[in-house]
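Student: Before anything else, here's the structure in question.
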Amino acid sequence: SLGFHICITGPAGCGKSGLASLACRVLGYESVKGLHTMYLYKDMIARELFLSRGTDQNGDSVWSHSPLVLAALQGEAVVLDGVHRLPSDTLSVLSSLTQDGDCQLPNGQRLVRADRFQALMQNCNVSSQELLRQGVLPISPSFRIIGIATTGSSSSESSVPWCNAETAGLFAYHTVSAPPENVEQAVLKQSQPEHDDQIAKLVKLSSAFNQAAAQDPQFEALKLSLRQL
């Protein structure tokens, strides 16, 4: 609400996606404007953060604005799910967008802050339509990015060194801890009230797996997130 782009980090299944969705609802994006979700993957290249590949009626490849760019133009929120999967050199291309409100797109278009767009109209004595024809696109002041990054896993997809000095300034970071046993039990009982006894045993077994994985990485695959439970 203060204008920051944020990134929610934490172990798998701790409620990051739910918190991101709640934040968007509280700020009015789902009910009033809109919410875009962009799922990131390990081999994603920088171009694909801004442009999405598609096909036309003839089967030829065409590039259109990605959910990230659409949210910027329409004044909406975009959830970047899987920030931890991108290497830092790919993720760092967002720096000019999140820090300066200015971004050169791979197709030659340029995103600029709304106030800079107005200044260009006045200083160059041109209309907004002319700037749009030249590929200069205004970023809405209500545009927000909410990143989601999984931490605390030794799996290959989350061991990518995505967070370093170059990318640390992209977002305001917020860490969510894994819920304790009593919270896990309460959540599971609310969704499956007829299985109280089984839920208690399952949570204790999950806790034993997590402790084993903490002591020996070879047991990492046995860990169960709240979502898996």
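Every chain in the structure tokens takes a letter, A first, then B, and so on in the order presented; its residues are numbered from 1, and the ligands are numbered from 1 following the presented order.
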Would you kindly return, as a list in words, each protein, DNA or RNA residue with an atom no farther than 8 Å from any atom of Cys163 in chain A, considering only C-alpha atoms and excluding same-chain residues fewer than 5 positions away?

Tutor: His84, Ser88 and Ala168 of chain A

Student: Range 177-191 of chain A: which residues within 7 Å, counting only C-alpha atoms, same-chain residues fewer than 6 positions away excluded, as a short mmCIF file (atom, residue, chain, number, x, y, z; two decimals) with C-alpha atoms, in the first residue's frame?

Tutor:
data_model
loop_
_atom_site.label_atom_id
_atom_site.label_comp_id
_atom_site.auth_asym_id
_atom_site.auth_seq_id
_atom_site.Cartn_x
_atom_site.Cartn_y
_atom_site.Cartn_z
CA GLY A 10 9.68 -19.12 3.22
CA PRO A 11 9.70 -22.92 3.12
CA CYS A 14 3.98 -22.29 4.77
CA ILE A 199 -4.34 -35.97 11.50
CA ALA A 200 -2.49 -35.94 14.84
CA VAL A 203 1.55 -34.33 11.80
CA LEU A 226 1.43 -28.23 4.88
#

Student: Which residue, A:Ile146, A:Leu27, A:Leu229, A:Ala221, has the smallest gap to Ala71 in chain A when you use only C-alpha atoms?

Tutor: A:Ile146

Student: Which neighbours of range 72-76 of chain A fall inside 12 Å, counting only C-alpha atoms, when residues of the same chain fewer than 3 positions from it are skipped, and could you give them as a PyMOL selection string?

Tutor: chain A and resi 5+24-25+27-37+50+65-69+79+97-98+101-103+110-114+132+136-146

Student: What parts of range 64-128 of chain A does DSSP call helix (DSSP H, G or I)? I'd like the answer as JSON, numbers by chain.

Tutor: {"A": [67, 68, 69, 70, 71, 72, 73, 74, 83, 84, 85, 88, 89, 90, 91, 92, 93, 94, 95, 96, 97, 98, 99, 100, 114, 115, 116, 117, 118, 119, 120, 121, 122, 123, 124, 128]}

Student: Skip Pro87 in chain A itself and residues of its chain fewer than 3 positions away, then list as an NGL selection string all residues within 12 Å of it, counting only C-alpha atoms.

Tutor: :A and (40-46 or 82-84 or 90-93 or 156-164 or 166-167)

Student: Take the residues that were just selected and, keeping C-alpha atoms, output them as a JSON list (two decimals), in the first residue's frame.

Tutor:
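That gives us out_30.json:
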[["chain", "number", "residue", "atom", "x", "y", "z"],
["A", 40, "LEU", "CA", 8.44, -18.74, -13.34],
["A", 41, "TYR", "CA", 10.63, -21.69, -14.27],
["A", 42, "LYS", "CA", 14.32, -22.54, -14.11],
["A", 43, "ASP", "CA", 15.20, -22.16, -17.81],
["A", 44, "MET", "CA", 13.19, -18.96, -18.32],
["A", 45, "ILE", "CA", 15.07, -16.26, -20.21],
["A", 46, "ALA", "CA", 14.89, -12.54, -19.55],
["A", 82, "GLY", "CA", 8.79, -19.10, -8.24],
["A", 83, "VAL", "CA", 11.27, -16.21, -8.00],
["A", 84, "HIS", "CA", 13.76, -18.67, -6.46],
["A", 90, "THR", "CA", 17.80, -13.18, -15.30],
["A", 91, "LEU", "CA", 16.03, -11.75, -12.27],
["A", 92, "SER", "CA", 18.15, -8.59, -12.26],
["A", 93, "VAL", "CA", 16.55, -7.35, -15.50],
["A", 156, "SER", "CA", 18.00, -28.27, -7.43],
["A", 157, "GLU", "CA", 15.26, -25.80, -8.39],
["A", 158, "SER", "CA", 15.60, -23.77, -5.19],
["A", 159, "SER", "CA", 19.39, -23.95, -4.89],
["A", 160, "VAL", "CA", 19.81, -21.45, -7.73],
["A", 161, "PRO", "CA", 21.71, -18.43, -6.37],
["A", 162, "TRP", "CA", 18.90, -15.99, -7.13],
["A", 163, "CYS", "CA", 19.36, -13.58, -4.22],
["A", 164, "ASN", "CA", 22.57, -11.57, -4.10],
["A", 166, "GLU", "CA", 22.40, -7.36, -7.44],
["A", 167, "THR", "CA", 18.85, -8.56, -6.78]]

Student: Between CA of Ala20 in chain A and CA of His174 in chain A, what is the distance, to one decimal in Å?

Tutor: 10.9 Å

Student: Smallest atom-to-atom distance to Lys204 in chain A: which of A:Gly54, A:Leu224, A:Asp115, A:Ala172, using only C-alpha atoms?

Tutor: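 Nearest to Lys204 in chain A: A:Leu224.
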
Student: Set the distance at 9 Å and use only C-alpha atoms: which residues neighbour Lys16 in chain A once local chain neighbours fewer than 3 positions away are removed? I'd like the list as JSON, numbers by chain.

Tutor: {"A": [8, 9, 10, 11, 12, 13, 19, 20, 21, 148, 149, 150, 175, 176]}
